[in-house]
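Colleague: query_38.txt is reproduced in full below (compact mmCIF, C-alpha atoms and all ligand atoms).
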```txt
# COMPACT_ATOMS: atom_id res chain seq x y z
CA MET A 119 -2.55 -19.11 -11.99
CA GLU A 120 0.73 -19.73 -10.17
CA PHE A 121 2.41 -16.58 -8.85
CA PHE A 122 5.54 -17.92 -7.18
CA LYS A 123 6.66 -20.09 -10.02
CA GLU A 124 10.19 -20.81 -8.84
CA VAL A 125 8.96 -22.00 -5.46
CA SER A 126 7.43 -25.29 -4.38
CA LYS A 127 6.42 -26.03 -0.78
CA VAL A 128 9.30 -24.88 1.37
CA SER A 129 10.68 -27.72 3.47
CA TYR A 130 13.17 -28.07 6.31
CA GLU A 131 16.59 -29.21 5.15
CA GLY A 132 18.58 -28.56 8.32
CA LYS A 133 21.37 -26.23 9.34
CA ASP A 134 23.86 -27.29 6.69
CA SER A 135 21.58 -26.61 3.75
CA ARG A 136 22.66 -23.83 1.37
CA ASN A 137 19.34 -23.84 -0.46
CA PRO A 138 17.79 -20.35 -0.18
CA LEU A 139 14.36 -21.93 -0.69
CA ALA A 140 14.62 -24.29 2.29
CA PHE A 141 14.40 -23.82 6.06
CA LYS A 142 17.60 -24.35 8.01
CA HIS A 143 16.18 -23.92 11.53
CA TYR A 144 12.39 -23.67 11.28
CA ASN A 145 11.10 -27.23 11.49
CA ALA A 146 7.35 -26.85 12.09
CA LYS A 147 6.72 -30.15 13.88
CA GLN A 148 9.92 -30.20 15.96
CA LYS A 149 9.25 -29.89 19.68
CA ILE A 150 10.96 -27.20 21.69
CA GLY A 151 10.05 -27.98 25.29
CA SER A 152 6.33 -28.54 25.53
CA LYS A 153 5.30 -27.15 22.12
CA THR A 154 6.16 -27.61 18.48
CA MET A 155 7.88 -24.77 16.65
CA GLU A 156 4.68 -24.17 14.76
CA GLU A 157 2.80 -23.75 18.06
CA TRP A 158 5.46 -21.47 19.51
CA LEU A 159 5.69 -19.36 16.39
CA PRO A 160 2.29 -18.41 14.94
CA PHE A 161 3.78 -16.57 11.97
CA ALA A 162 1.61 -14.14 10.05
CA MET A 163 1.98 -12.62 6.59
CA SER A 164 1.48 -8.87 6.46
CA TRP A 165 -0.82 -8.11 3.54
CA TRP A 166 0.62 -4.64 3.00
CA HIS A 167 4.34 -5.33 2.83
CA THR A 168 4.01 -8.64 1.07
CA LEU A 169 1.29 -8.04 -1.49
CA VAL A 170 0.86 -4.29 -1.79
CA ALA A 171 4.23 -2.56 -1.31
CA GLY A 172 6.01 -1.81 -4.55
CA GLY A 173 9.31 -0.42 -3.30
CA ALA A 174 8.64 3.26 -3.99
CA ASP A 175 10.70 5.65 -1.87
CA PRO A 176 10.83 9.46 -1.72
CA PHE A 177 13.43 9.40 -4.49
CA GLY A 178 12.08 6.87 -6.90
CA ALA A 179 9.27 4.87 -8.41
CA PRO A 180 8.25 1.33 -7.42
CA THR A 181 10.71 -1.39 -8.45
CA ALA A 182 8.88 -4.59 -7.48
CA LEU A 183 8.02 -6.97 -10.29
CA ARG A 184 4.51 -8.09 -9.37
CA THR A 185 2.11 -10.02 -11.54
CA TRP A 186 -0.67 -7.48 -10.87
CA ASN A 187 1.35 -4.36 -11.67
CA ASP A 188 -0.51 -3.47 -14.87
CA LYS A 189 -3.96 -4.54 -13.68
CA GLU A 190 -6.87 -2.27 -12.80
CA LEU A 191 -7.27 -1.71 -9.03
CA MET A 192 -10.02 -4.20 -8.16
CA GLU A 193 -8.55 -6.83 -10.45
CA ALA A 194 -5.17 -6.36 -8.77
CA SER A 195 -6.80 -6.78 -5.33
CA LYS A 196 -8.32 -10.09 -6.37
CA MET A 197 -5.00 -11.31 -7.78
CA ARG A 198 -3.33 -10.43 -4.50
CA VAL A 199 -5.76 -12.71 -2.68
CA GLU A 200 -4.80 -15.60 -4.97
CA ALA A 201 -1.11 -14.82 -4.58
CA GLY A 202 -1.38 -14.38 -0.80
CA PHE A 203 -2.85 -17.81 -0.19
CA GLU A 204 -0.37 -19.50 -2.51
CA PHE A 205 2.40 -17.70 -0.60
CA MET A 206 1.15 -18.73 2.86
CA ASP A 207 0.57 -22.26 1.67
CA LYS A 208 4.06 -22.66 0.21
CA LEU A 209 5.73 -21.25 3.33
CA GLY A 210 3.51 -23.02 5.85
CA ILE A 211 2.33 -19.72 7.36
CA ASN A 212 -1.06 -20.03 9.01
CA TYR A 213 -2.06 -16.41 9.67
CA PHE A 214 -2.21 -13.04 7.99
CA CYS A 215 -2.79 -9.42 9.05
CA PHE A 216 -4.32 -6.63 7.02
CA HIS A 217 -5.33 -2.99 6.92
CA ASP A 218 -8.73 -2.39 5.35
CA ARG A 219 -7.08 -0.40 2.55
CA ASP A 220 -4.60 -3.16 1.70
CA LEU A 221 -7.43 -5.46 0.75
CA ALA A 222 -9.38 -3.24 -1.61
CA PRO A 223 -9.05 0.21 -3.18
CA GLU A 224 -11.00 3.23 -1.96
CA GLY A 225 -13.96 4.32 -4.07
CA LYS A 226 -15.36 7.80 -4.65
CA THR A 227 -17.66 7.60 -1.62
CA ILE A 228 -17.49 5.79 1.72
CA GLN A 229 -20.27 3.48 0.47
CA GLU A 230 -18.30 2.58 -2.66
CA THR A 231 -15.18 2.00 -0.58
CA ASN A 232 -17.08 -0.33 1.75
CA ALA A 233 -18.61 -2.19 -1.20
CA ASN A 234 -15.12 -2.79 -2.68
CA LEU A 235 -13.97 -4.08 0.69
CA ASP A 236 -16.97 -6.38 1.12
CA LEU A 237 -16.37 -7.91 -2.28
CA VAL A 238 -12.77 -8.82 -1.50
CA VAL A 239 -13.64 -9.96 2.03
CA ASP A 240 -16.12 -12.49 0.62
CA ILE A 241 -13.40 -13.95 -1.59
CA LEU A 242 -11.01 -13.95 1.37
CA ALA A 243 -13.48 -15.86 3.54
CA GLU A 244 -13.74 -18.60 0.92
CA LYS A 245 -9.99 -18.87 0.48
CA MET A 246 -9.47 -18.98 4.24
CA SER A 247 -11.62 -22.06 4.60
CA GLN A 248 -10.14 -23.67 1.48
CA TYR A 249 -6.55 -23.22 2.71
CA ASN A 250 -7.27 -23.31 6.45
CA LYS A 251 -5.68 -19.90 7.13
CA LYS A 252 -6.68 -17.43 9.85
CA VAL A 253 -6.65 -13.71 10.48
CA LEU A 254 -4.22 -12.83 13.28
CA TRP A 255 -5.49 -9.27 13.33
CA GLY A 256 -7.11 -6.63 11.22
CA THR A 257 -6.75 -2.88 11.38
CA ALA A 258 -7.85 0.31 9.67
CA SER A 259 -5.54 2.71 7.90
CA LEU A 260 -6.28 6.11 9.36
CA PHE A 261 -3.16 7.49 7.76
CA THR A 262 -3.12 6.98 3.97
CA ASN A 263 -6.09 9.07 2.83
CA PRO A 264 -5.22 12.82 2.66
CA ARG A 265 -8.19 13.58 4.94
CA TYR A 266 -6.10 12.20 7.82
CA MET A 267 -3.27 14.66 7.29
CA HIS A 268 -3.81 16.13 10.79
CA GLY A 269 -4.73 12.81 12.42
CA GLY A 270 -7.77 10.55 12.70
CA ALA A 271 -8.94 10.18 16.29
CA THR A 272 -6.81 13.22 17.12
CA SER A 273 -7.84 15.35 14.16
CA PRO A 274 -8.66 18.98 14.99
CA ASN A 275 -11.68 18.53 12.71
CA ALA A 276 -14.68 16.72 14.29
CA ASP A 277 -15.98 15.45 10.92
CA ILE A 278 -12.69 13.64 10.33
CA PHE A 279 -13.00 12.09 13.81
CA ALA A 280 -16.46 10.85 12.77
CA ILE A 281 -15.28 9.47 9.42
CA GLY A 282 -12.41 7.74 11.21
CA ALA A 283 -14.86 6.16 13.66
CA ALA A 284 -17.00 4.95 10.76
CA GLN A 285 -13.93 3.43 9.14
CA VAL A 286 -12.84 1.61 12.31
CA LYS A 287 -16.40 0.37 12.87
CA LYS A 288 -16.36 -1.15 9.39
CA ALA A 289 -12.87 -2.62 9.86
CA LEU A 290 -14.04 -4.19 13.14
CA ASP A 291 -17.05 -5.69 11.36
CA VAL A 292 -14.81 -7.15 8.69
CA THR A 293 -12.29 -8.52 11.19
CA HIS A 294 -15.14 -10.04 13.19
CA LYS A 295 -16.65 -11.58 10.06
CA LEU A 296 -13.31 -13.19 9.23
CA ASN A 297 -12.99 -14.51 12.82
CA GLY A 298 -9.90 -12.41 13.46
CA GLN A 299 -8.01 -13.21 16.65
CA GLY A 300 -7.31 -9.58 17.26
CA TYR A 301 -7.49 -5.98 16.16
CA VAL A 302 -4.63 -3.45 16.17
CA PHE A 303 -4.72 0.28 16.77
CA TRP A 304 -1.64 1.98 15.41
CA GLY A 305 -1.92 5.73 15.48
CA GLY A 306 -0.01 6.53 12.33
CA ARG A 307 -0.94 10.17 12.41
CA GLU A 308 -2.08 10.45 16.02
CA GLY A 309 0.57 12.85 17.21
CA TYR A 310 1.82 16.30 16.40
CA GLU A 311 4.20 18.18 14.14
CA THR A 312 4.36 21.34 16.29
CA LEU A 313 2.83 22.21 19.64
CA LEU A 314 2.29 25.73 18.30
CA ASN A 315 -0.89 24.47 16.63
CA THR A 316 -1.77 21.52 18.86
CA ASP A 317 -4.04 21.05 21.88
CA MET A 318 -2.36 17.92 23.20
CA LYS A 319 -4.77 17.43 26.09
CA LYS A 320 -7.81 17.61 23.83
CA GLU A 321 -6.21 15.27 21.28
CA GLN A 322 -5.27 12.66 23.86
CA ASP A 323 -8.73 12.85 25.47
CA HIS A 324 -10.27 12.33 22.03
CA MET A 325 -8.01 9.42 21.26
CA ALA A 326 -8.95 7.71 24.52
CA TYR A 327 -12.65 8.32 23.88
CA PHE A 328 -12.25 6.89 20.38
CA LEU A 329 -10.69 3.72 21.82
CA SER A 330 -13.36 3.42 24.50
CA MET A 331 -16.09 3.63 21.85
CA ALA A 332 -14.27 0.88 19.95
CA VAL A 333 -14.37 -1.23 23.13
CA ASP A 334 -18.13 -0.59 23.44
CA TYR A 335 -18.64 -1.56 19.80
CA LYS A 336 -16.53 -4.69 20.21
CA GLU A 337 -18.76 -5.76 23.08
CA LYS A 338 -21.89 -4.89 21.14
CA ILE A 339 -21.02 -7.10 18.14
CA GLY A 340 -19.58 -9.86 20.34
CA PHE A 341 -16.08 -9.70 18.87
CA LYS A 342 -13.96 -11.98 21.03
CA GLY A 343 -10.53 -11.09 19.63
CA SER A 344 -7.94 -9.07 21.55
CA PHE A 345 -7.42 -5.32 21.18
CA TYR A 346 -3.81 -4.16 20.81
CA LEU A 347 -2.16 -0.77 20.90
CA GLU A 348 1.04 -0.56 18.83
CA PRO A 349 3.70 1.85 20.11
CA LYS A 350 5.83 3.92 17.75
CA PRO A 351 7.64 7.12 18.74
CA LYS A 352 7.73 8.98 15.44
CA GLU A 353 7.23 8.66 11.70
CA PRO A 354 5.09 9.75 10.01
CA THR A 355 4.42 12.37 12.70
CA LYS A 356 7.28 14.06 14.49
CA HIS A 357 5.94 12.87 17.83
CA GLN A 358 3.40 10.08 18.19
CA TYR A 359 1.28 9.77 21.30
CA ASP A 360 1.81 5.97 21.47
CA PHE A 361 5.54 6.59 21.92
CA ASP A 362 6.71 3.32 23.49
CA VAL A 363 5.49 0.52 25.78
CA ALA A 364 5.78 2.66 28.92
CA THR A 365 3.87 5.56 27.37
CA CYS A 366 1.13 3.25 26.06
CA MET A 367 0.71 1.57 29.45
CA GLU A 368 0.47 4.91 31.19
CA PHE A 369 -2.06 6.21 28.65
CA LEU A 370 -4.23 3.09 28.90
CA ALA A 371 -4.16 3.14 32.70
CA LYS A 372 -5.00 6.85 32.89
CA TYR A 373 -8.11 6.36 30.78
CA ASN A 374 -9.14 3.03 32.38
CA LEU A 375 -8.54 1.17 29.16
CA ASP A 376 -5.76 -1.12 30.38
CA LYS A 377 -7.98 -4.13 30.96
CA HIS A 378 -9.24 -3.94 27.37
CA PHE A 379 -5.89 -3.67 25.58
CA SER A 380 -2.48 -5.23 25.43
CA ILE A 381 0.54 -4.15 23.41
CA ASN A 382 1.69 -5.03 19.91
CA ILE A 383 5.44 -4.55 20.15
CA GLU A 384 7.28 -3.86 16.91
CA VAL A 385 11.02 -4.36 16.89
CA ASN A 386 11.93 -1.39 14.69
CA HIS A 387 9.57 0.86 16.65
CA ALA A 388 11.42 -0.13 19.82
CA THR A 389 14.74 0.91 18.32
CA LEU A 390 13.28 4.17 17.00
CA ALA A 391 12.21 4.92 20.59
CA GLY A 392 15.81 4.41 21.72
CA HIS A 393 15.12 1.04 23.31
CA THR A 394 16.11 -2.50 22.52
CA VAL A 395 13.28 -4.87 21.73
CA HIS A 396 14.51 -6.84 24.75
CA HIS A 397 13.64 -3.83 26.92
CA GLU A 398 10.19 -3.35 25.37
CA ALA A 399 9.33 -7.05 25.56
CA HIS A 400 10.58 -7.31 29.14
CA LEU A 401 8.66 -4.26 30.31
CA ALA A 402 5.43 -5.40 28.65
CA ARG A 403 5.85 -8.95 29.96
CA ILE A 404 6.40 -8.04 33.61
CA ASN A 405 3.25 -5.92 33.42
CA ASP A 406 1.20 -8.65 31.70
CA MET A 407 0.78 -6.40 28.67
CA TRP A 408 2.62 -8.13 25.83
CA GLY A 409 -0.12 -9.39 23.50
CA THR A 410 1.48 -9.78 20.08
CA LEU A 411 4.56 -8.94 18.01
CA ASP A 412 5.31 -7.17 14.75
CA ILE A 413 8.52 -8.81 13.76
CA ASN A 414 11.13 -6.89 11.77
CA PHE A 415 14.44 -5.21 12.43
CA GLY A 416 15.76 -1.72 11.83
CA ASP A 417 19.14 -0.65 10.56
CA PRO A 418 21.16 0.64 13.53
CA LEU A 419 22.71 3.33 11.31
CA LEU A 420 19.41 4.77 10.09
CA GLY A 421 16.91 6.77 12.10
CA TRP A 422 13.78 5.67 10.30
CA ASP A 423 11.49 2.68 10.11
CA THR A 424 13.22 0.42 7.61
CA ASP A 425 11.03 -2.61 8.43
CA GLN A 426 13.71 -5.10 7.47
CA PHE A 427 13.36 -8.84 7.69
CA PRO A 428 14.73 -10.05 11.03
CA THR A 429 18.14 -11.63 10.59
CA ASN A 430 19.86 -10.43 13.78
CA ILE A 431 20.22 -13.52 15.95
CA TYR A 432 21.13 -11.66 19.16
CA ASP A 433 17.96 -9.59 19.25
CA ALA A 434 15.92 -12.60 18.11
CA THR A 435 17.28 -14.69 20.98
CA LEU A 436 16.67 -12.07 23.65
CA MET A 437 13.18 -11.42 22.33
CA MET A 438 12.40 -15.14 22.36
CA TYR A 439 13.79 -15.34 25.88
CA GLU A 440 11.11 -12.91 27.07
CA TYR A 441 8.53 -14.63 24.89
CA ILE A 442 9.13 -18.11 26.33
CA LYS A 443 9.13 -16.65 29.83
CA GLN A 444 5.53 -15.59 29.34
CA ASP A 445 4.75 -18.90 27.58
CA GLY A 446 4.01 -17.19 24.25
CA PHE A 447 0.81 -15.33 23.43
CA THR A 448 -2.87 -16.11 23.95
CA ASN A 449 -4.36 -14.67 20.76
CA GLY A 450 -1.27 -12.99 19.35
CA GLY A 451 1.42 -14.07 16.93
CA LEU A 452 4.49 -13.00 15.00
CA ASN A 453 3.43 -10.74 12.16
CA PHE A 454 6.12 -10.05 9.58
CA ASP A 455 5.72 -6.29 9.45
CA ALA A 456 8.77 -6.44 7.20
CA LYS A 457 9.42 -5.49 3.64
CA VAL A 458 11.97 -6.56 1.09
CA ARG A 459 14.64 -4.01 0.21
CA ARG A 460 13.90 -1.98 -2.88
CA GLY A 461 16.58 -3.86 -4.77
CA SER A 462 15.12 -7.26 -3.83
CA HIS A 463 12.42 -6.82 -6.41
CA THR A 464 11.43 -10.29 -7.60
CA MET A 465 8.53 -12.45 -6.41
CA THR A 466 11.06 -15.04 -5.22
CA ASP A 467 12.76 -12.45 -3.00
CA LEU A 468 9.55 -12.32 -0.97
CA VAL A 469 9.81 -16.02 -0.23
CA THR A 470 13.52 -16.10 0.56
CA SER A 471 13.11 -13.10 2.89
CA TYR A 472 10.37 -14.81 4.89
CA ILE A 473 12.52 -17.94 5.09
CA ALA A 474 15.42 -15.87 6.43
CA GLY A 475 13.14 -14.31 9.04
CA MET A 476 11.41 -17.52 10.09
CA ASP A 477 14.77 -19.28 10.43
CA THR A 478 16.19 -16.50 12.58
CA LEU A 479 13.20 -16.65 14.92
CA ALA A 480 13.38 -20.44 15.10
CA TRP A 481 17.08 -20.32 15.91
CA GLY A 482 16.43 -17.65 18.54
CA LEU A 483 13.66 -19.79 20.00
CA LYS A 484 16.01 -22.77 20.34
CA ALA A 485 18.75 -20.69 21.94
CA ALA A 486 16.34 -18.98 24.34
CA HIS A 487 14.78 -22.29 25.32
CA ASN A 488 18.23 -23.64 26.20
CA MET A 489 19.00 -20.50 28.21
CA ILE A 490 15.86 -20.97 30.28
CA GLU A 491 16.29 -24.74 30.68
CA ASP A 492 19.84 -24.19 31.83
CA GLY A 493 18.79 -21.62 34.42
CA TYR A 494 22.12 -19.78 34.23
CA TYR A 495 20.68 -16.28 34.07
CA GLU A 496 17.96 -16.92 36.66
CA LYS A 497 20.54 -18.32 39.06
CA ASN A 498 22.72 -15.26 38.54
CA ILE A 499 19.81 -12.90 39.16
CA ASN A 500 18.80 -14.80 42.29
CA GLU A 501 22.32 -14.53 43.64
CA ARG A 502 22.47 -10.85 42.76
CA TYR A 503 19.41 -10.07 44.87
CA ALA A 504 20.12 -12.66 47.59
CA THR A 505 20.36 -10.01 50.35
CA TYR A 506 16.58 -9.56 50.02
CA GLN A 507 15.90 -13.18 50.95
CA SER A 508 16.33 -12.83 54.72
CA GLY A 509 16.86 -10.33 57.51
CA ILE A 510 16.37 -6.68 56.70
CA GLY A 511 16.22 -7.44 52.97
CA ALA A 512 13.20 -9.69 53.41
CA LYS A 513 11.51 -6.93 55.43
CA ILE A 514 12.13 -4.48 52.57
CA ASP A 515 10.82 -6.96 50.01
CA LYS A 516 7.64 -7.45 52.05
CA LYS A 517 7.33 -3.72 52.73
CA GLN A 518 7.47 -4.29 56.50
CA THR A 519 10.02 -1.73 57.59
CA SER A 520 10.42 2.02 58.01
CA PHE A 521 13.04 4.75 57.70
CA ASP A 522 13.53 4.59 61.50
CA GLU A 523 14.29 0.88 61.52
CA LEU A 524 16.45 1.11 58.38
CA SER A 525 18.44 3.94 59.85
CA GLN A 526 19.04 2.02 63.12
CA TYR A 527 20.13 -0.99 61.08
CA ALA A 528 22.40 1.05 58.78
CA ASN A 529 24.20 2.45 61.84
CA THR A 530 25.31 -1.08 62.76
CA LEU A 531 26.82 -1.83 59.33
CA GLU A 532 30.36 -1.79 58.07
CA GLU A 533 30.75 -0.76 54.39
CA PRO A 534 28.94 -3.58 52.44
CA VAL A 535 30.86 -5.74 49.96
CA LEU A 536 29.18 -5.72 46.55
CA LEU A 537 29.05 -8.52 43.97
CA SER A 538 30.30 -8.04 40.42
CA GLY A 539 27.65 -7.34 37.75
CA LYS A 540 29.59 -9.72 35.42
CA GLN A 541 28.10 -8.24 32.27
CA GLU A 542 30.91 -9.42 29.98
CA VAL A 543 30.67 -12.99 31.26
CA LEU A 544 26.90 -12.95 30.82
CA GLU A 545 27.25 -11.72 27.24
CA ALA A 546 29.90 -14.31 26.43
CA GLU A 547 27.55 -16.99 27.78
CA LEU A 548 24.86 -15.65 25.49
CA ASN A 549 27.20 -16.22 22.54
CA GLN A 550 27.68 -19.78 23.73
CA PHE A 551 23.94 -20.41 23.97
CA ILE A 552 23.43 -19.06 20.45
CA TRP A 553 26.28 -21.13 19.06
CA ASN A 554 25.35 -24.33 20.86
CA ALA A 555 21.72 -24.10 19.77
CA VAL A 556 22.74 -24.95 16.22
CA SER A 557 26.15 -26.56 16.50
CA LYS A 558 24.95 -29.76 18.19
C1 LIG B 601 3.71 1.19 10.80
C2 LIG B 601 3.21 -0.10 11.27
C3 LIG B 601 1.86 -0.49 10.83
C4 LIG B 601 1.05 -1.14 11.92
C5 LIG B 601 -0.38 -1.38 11.55
O1 LIG B 601 4.97 1.52 11.22
O2 LIG B 601 3.90 -0.81 11.95
O3 LIG B 601 1.98 -1.33 9.74
O4 LIG B 601 1.59 -2.35 12.29
O5 LIG B 601 -1.02 -0.25 11.11
CO CO B 602 3.58 -2.65 12.84
```
What's the structure tokens form of this structure?
Ligand code: XUL
Ligand code: CO

Modeller:
Amino acid sequence: MEFFKEVSKVSYEGKDSRNPLAFKHYNAKQKIGSKTMEEWLPFAMSWWHTLVAGGADPFGAPTALRTWNDKELMEASKMRVEAGFEFMDKLGINYFCFHDRDLAPEGKTIQETNANLDLVVDILAEKMSQYNKKVLWGTASLFTNPRYMHGGATSPNADIFAIGAAQVKKALDVTHKLNGQGYVFWGGREGYETLLNTDMKKEQDHMAYFLSMAVDYKEKIGFKGSFYLEPKPKEPTKHQYDFDVATCMEFLAKYNLDKHFSINIEVNHATLAGHTVHHEAHLARINDMWGTLDINFGDPLLGWDTDQFPTNIYDATLMMYEYIKQDGFTNGGLNFDAKVRRGSHTMTDLVTSYIAGMDTLAWGLKAAHNMIEDGYYEKNINERYATYQSGIGAKIDKKQTSFDELSQYANTLEEPVLLSGKQEVLEAELNQFIWNAVSK
């Protein structure tokens, strides 16, 4: 059965194409520096947004026209597998990411739920070798089932903590079986609604213990993929413990987990935390903690997680700038944690949205590569900090001075002359890099 009937294999037609079913910037085999675009950009399809989401919102029913809409749950899950591989194949996407509950429906008991999952996973494994597709990462949904209303690893109820551990153990087994390159921990309900009923210290201790047991289990089964923590400040809980990159790094370091985890940055989560994705990527990169990316964008006028397809070229360029600086990821990739708008309800909208996103990232990659090759920003930063290259500055840089020496030195100085920060010029240059990346 063909699911995306209006779509054949999506090809690159170049920047002047007006065909919504063709790439304008993403040209898989084109080299950007030392790697092809396909190597730079290991795109992944998110199972949930692409194959499961129906467009329901708090005010209305699902709108998406999906071939499996009227099918019974297990039948629908199997159809999604067929559709998912056709989708990846047509778009030239090599990876996918999943939550356990996206793949198969829950049964009446944990055993029945696991049996449903196993059945779909066996079909998945076959399709993966047939189409040569890989799992970027797997994860467990410790947020959909009502039992997790007060949290999973941070639940005030110890039995829920245990059920959550059993679920993650199973999700790790499945991810391992499918040779996943990684596993994500996103604490959807690991946070609080009010401190009047919350023991934050206990909850954070429990969460860290939960993660450390996951590390032990990973080692026990010989899972070689990477572990990622995904920051998000709020939604669904009022305050989530994995607030942003800085909070995650501090949490991991406090509990001696930092060598076992890196960070899965999500663009819209960055903006919800009041940061740019440039900030989050930069901070994670300079601390060697940026492991993978959930690519989407938020609406600057809305305060919730809209998970839109990335079409903002400025953010894409600055994100790719950080990404190239760390030479990409080891096991990570670019997972489209993005969903079509409720009004973009056709099967074809899924394809055109991915094309829009992939093209934006490819364009950003080209612009960022040119920025780095040109060296303009590095040169500016070097000049800005030049006073640390010799004399007293070099002593400060090498931590070889003291308040006594600095005070003696300061007494000899006339008022220093400062350089301009040149922000407007730097931003105008950024426009030029973005424009030139596609105009030539
Ligand atoms: C939710 C979110 C999740 C995680 C995986 O905001 O981003 O889809 O990426 O659970
Ligand atoms: Co995400």

Colleague: Around (-16.2, -7.1, 11.5), as given in the file, which residues come within 12 Å? Count all atoms listed in the file and list them as a PDB file with C-alpha atoms, keeping the file's coordinate frame.

Modeller:
```pdb
ATOM      1  CA  ASP A 218      -8.730  -2.390   5.350  1.00  0.00           C
ATOM      2  CA  ASN A 232     -17.080  -0.330   1.750  1.00  0.00           C
ATOM      3  CA  LEU A 235     -13.970  -4.080   0.690  1.00  0.00           C
ATOM      4  CA  ASP A 236     -16.970  -6.380   1.120  1.00  0.00           C
ATOM      5  CA  VAL A 239     -13.640  -9.960   2.030  1.00  0.00           C
ATOM      6  CA  VAL A 253      -6.650 -13.710  10.480  1.00  0.00           C
ATOM      7  CA  TRP A 255      -5.490  -9.270  13.330  1.00  0.00           C
ATOM      8  CA  GLY A 256      -7.110  -6.630  11.220  1.00  0.00           C
ATOM      9  CA  THR A 257      -6.750  -2.880  11.380  1.00  0.00           C
ATOM     10  CA  ALA A 258      -7.850   0.310   9.670  1.00  0.00           C
ATOM     11  CA  GLN A 285     -13.930   3.430   9.140  1.00  0.00           C
ATOM     12  CA  VAL A 286     -12.840   1.610  12.310  1.00  0.00           C
ATOM     13  CA  LYS A 287     -16.400   0.370  12.870  1.00  0.00           C
ATOM     14  CA  LYS A 288     -16.360  -1.150   9.390  1.00  0.00           C
ATOM     15  CA  ALA A 289     -12.870  -2.620   9.860  1.00  0.00           C
ATOM     16  CA  LEU A 290     -14.040  -4.190  13.140  1.00  0.00           C
ATOM     17  CA  ASP A 291     -17.050  -5.690  11.360  1.00  0.00           C
ATOM     18  CA  VAL A 292     -14.810  -7.150   8.690  1.00  0.00           C
ATOM     19  CA  THR A 293     -12.290  -8.520  11.190  1.00  0.00           C
ATOM     20  CA  HIS A 294     -15.140 -10.040  13.190  1.00  0.00           C
ATOM     21  CA  LYS A 295     -16.650 -11.580  10.060  1.00  0.00           C
ATOM     22  CA  LEU A 296     -13.310 -13.190   9.230  1.00  0.00           C
ATOM     23  CA  ASN A 297     -12.990 -14.510  12.820  1.00  0.00           C
ATOM     24  CA  GLY A 298      -9.900 -12.410  13.460  1.00  0.00           C
ATOM     25  CA  GLN A 299      -8.010 -13.210  16.650  1.00  0.00           C
ATOM     26  CA  GLY A 300      -7.310  -9.580  17.260  1.00  0.00           C
ATOM     27  CA  TYR A 301      -7.490  -5.980  16.160  1.00  0.00           C
ATOM     28  CA  ALA A 332     -14.270   0.880  19.950  1.00  0.00           C
ATOM     29  CA  TYR A 335     -18.640  -1.560  19.800  1.00  0.00           C
ATOM     30  CA  LYS A 336     -16.530  -4.690  20.210  1.00  0.00           C
ATOM     31  CA  GLU A 337     -18.760  -5.760  23.080  1.00  0.00           C
ATOM     32  CA  LYS A 338     -21.890  -4.890  21.140  1.00  0.00           C
ATOM     33  CA  ILE A 339     -21.020  -7.100  18.140  1.00  0.00           C
ATOM     34  CA  GLY A 340     -19.580  -9.860  20.340  1.00  0.00           C
ATOM     35  CA  PHE A 341     -16.080  -9.700  18.870  1.00  0.00           C
ATOM     36  CA  LYS A 342     -13.960 -11.980  21.030  1.00  0.00           C
ATOM     37  CA  GLY A 343     -10.530 -11.090  19.630  1.00  0.00           C
TER      38      GLY A 343
END
```

Colleague: Which residue gives the smallest distance to ligand LIG 601 (chain B) among A:Asp240, A:Asp220, A:Asp467, A:Glu501, with all atoms listed in the file counted?

Modeller: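 Looking only at the distances to ligand LIG 601 (chain B), the closest residue turns out to be A:Asp220.
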
Colleague: At a cut-off of 7 Å around ligand CO 602 (chain B), and using all atoms listed in the file, what residues come up? Please write them as a list in words.

Modeller: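 So, counting all atoms listed in the file, the residues near ligand CO 602 (chain B) are Glu348, Glu384, Asp412 and Asp455 of chain A.
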
Colleague: Could you pull the residues within 12 Å of Gln541 of chain A, counting all atoms listed in the file, minus those fewer than 6 positions along the same chain, as a list of chain:residue names?

Modeller: A:Tyr495, A:Asn498, A:Ile499, A:Glu547, A:Leu548

Colleague: Could you check the closest approach to ligand LIG 601 (chain B) for each of A:Arg403, A:Arg184, A:His378, A:Lys457 and tell me which residue wins, using all atoms listed in the file?

Modeller: A:Lys457

Colleague: When distances are computed from all atoms listed in the file, which of A:Glu308, A:Glu523, A:Asp423, A:Asp406 shows the smallest separation from ligand LIG 601 (chain B)?

Modeller: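 Nearest to ligand LIG 601 (chain B): A:Asp423.
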
Colleague: Could you tell me which of A:Tyr506, A:Phe415, A:Trp304, A:Tyr494 comes closest to ligand LIG 601 (chain B) if we count all atoms listed in the file?

Modeller: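 Closest residue, counting all atoms listed in the file: A:Trp304.
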
Colleague: List all protein, DNA and RNA residues that have an atom no more than 10 Å from any atom of ligand LIG 601 (chain B), counting all atoms listed in the file, and report them as a ChimeraX atom specification.

Modeller: /A:164-167,215-218,255-261,301-306,347-354,382-387,411-414,422-425,453-456

Colleague: Grab the atom CA of Pro264 of chain A to atom CA of Lys226 of chain A distance for me, in Å with one decimal place.

Modeller: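 According to the coordinates, atom CA of Pro264 of chain A and atom CA of Lys226 of chain A are separated by 13.5 Å.
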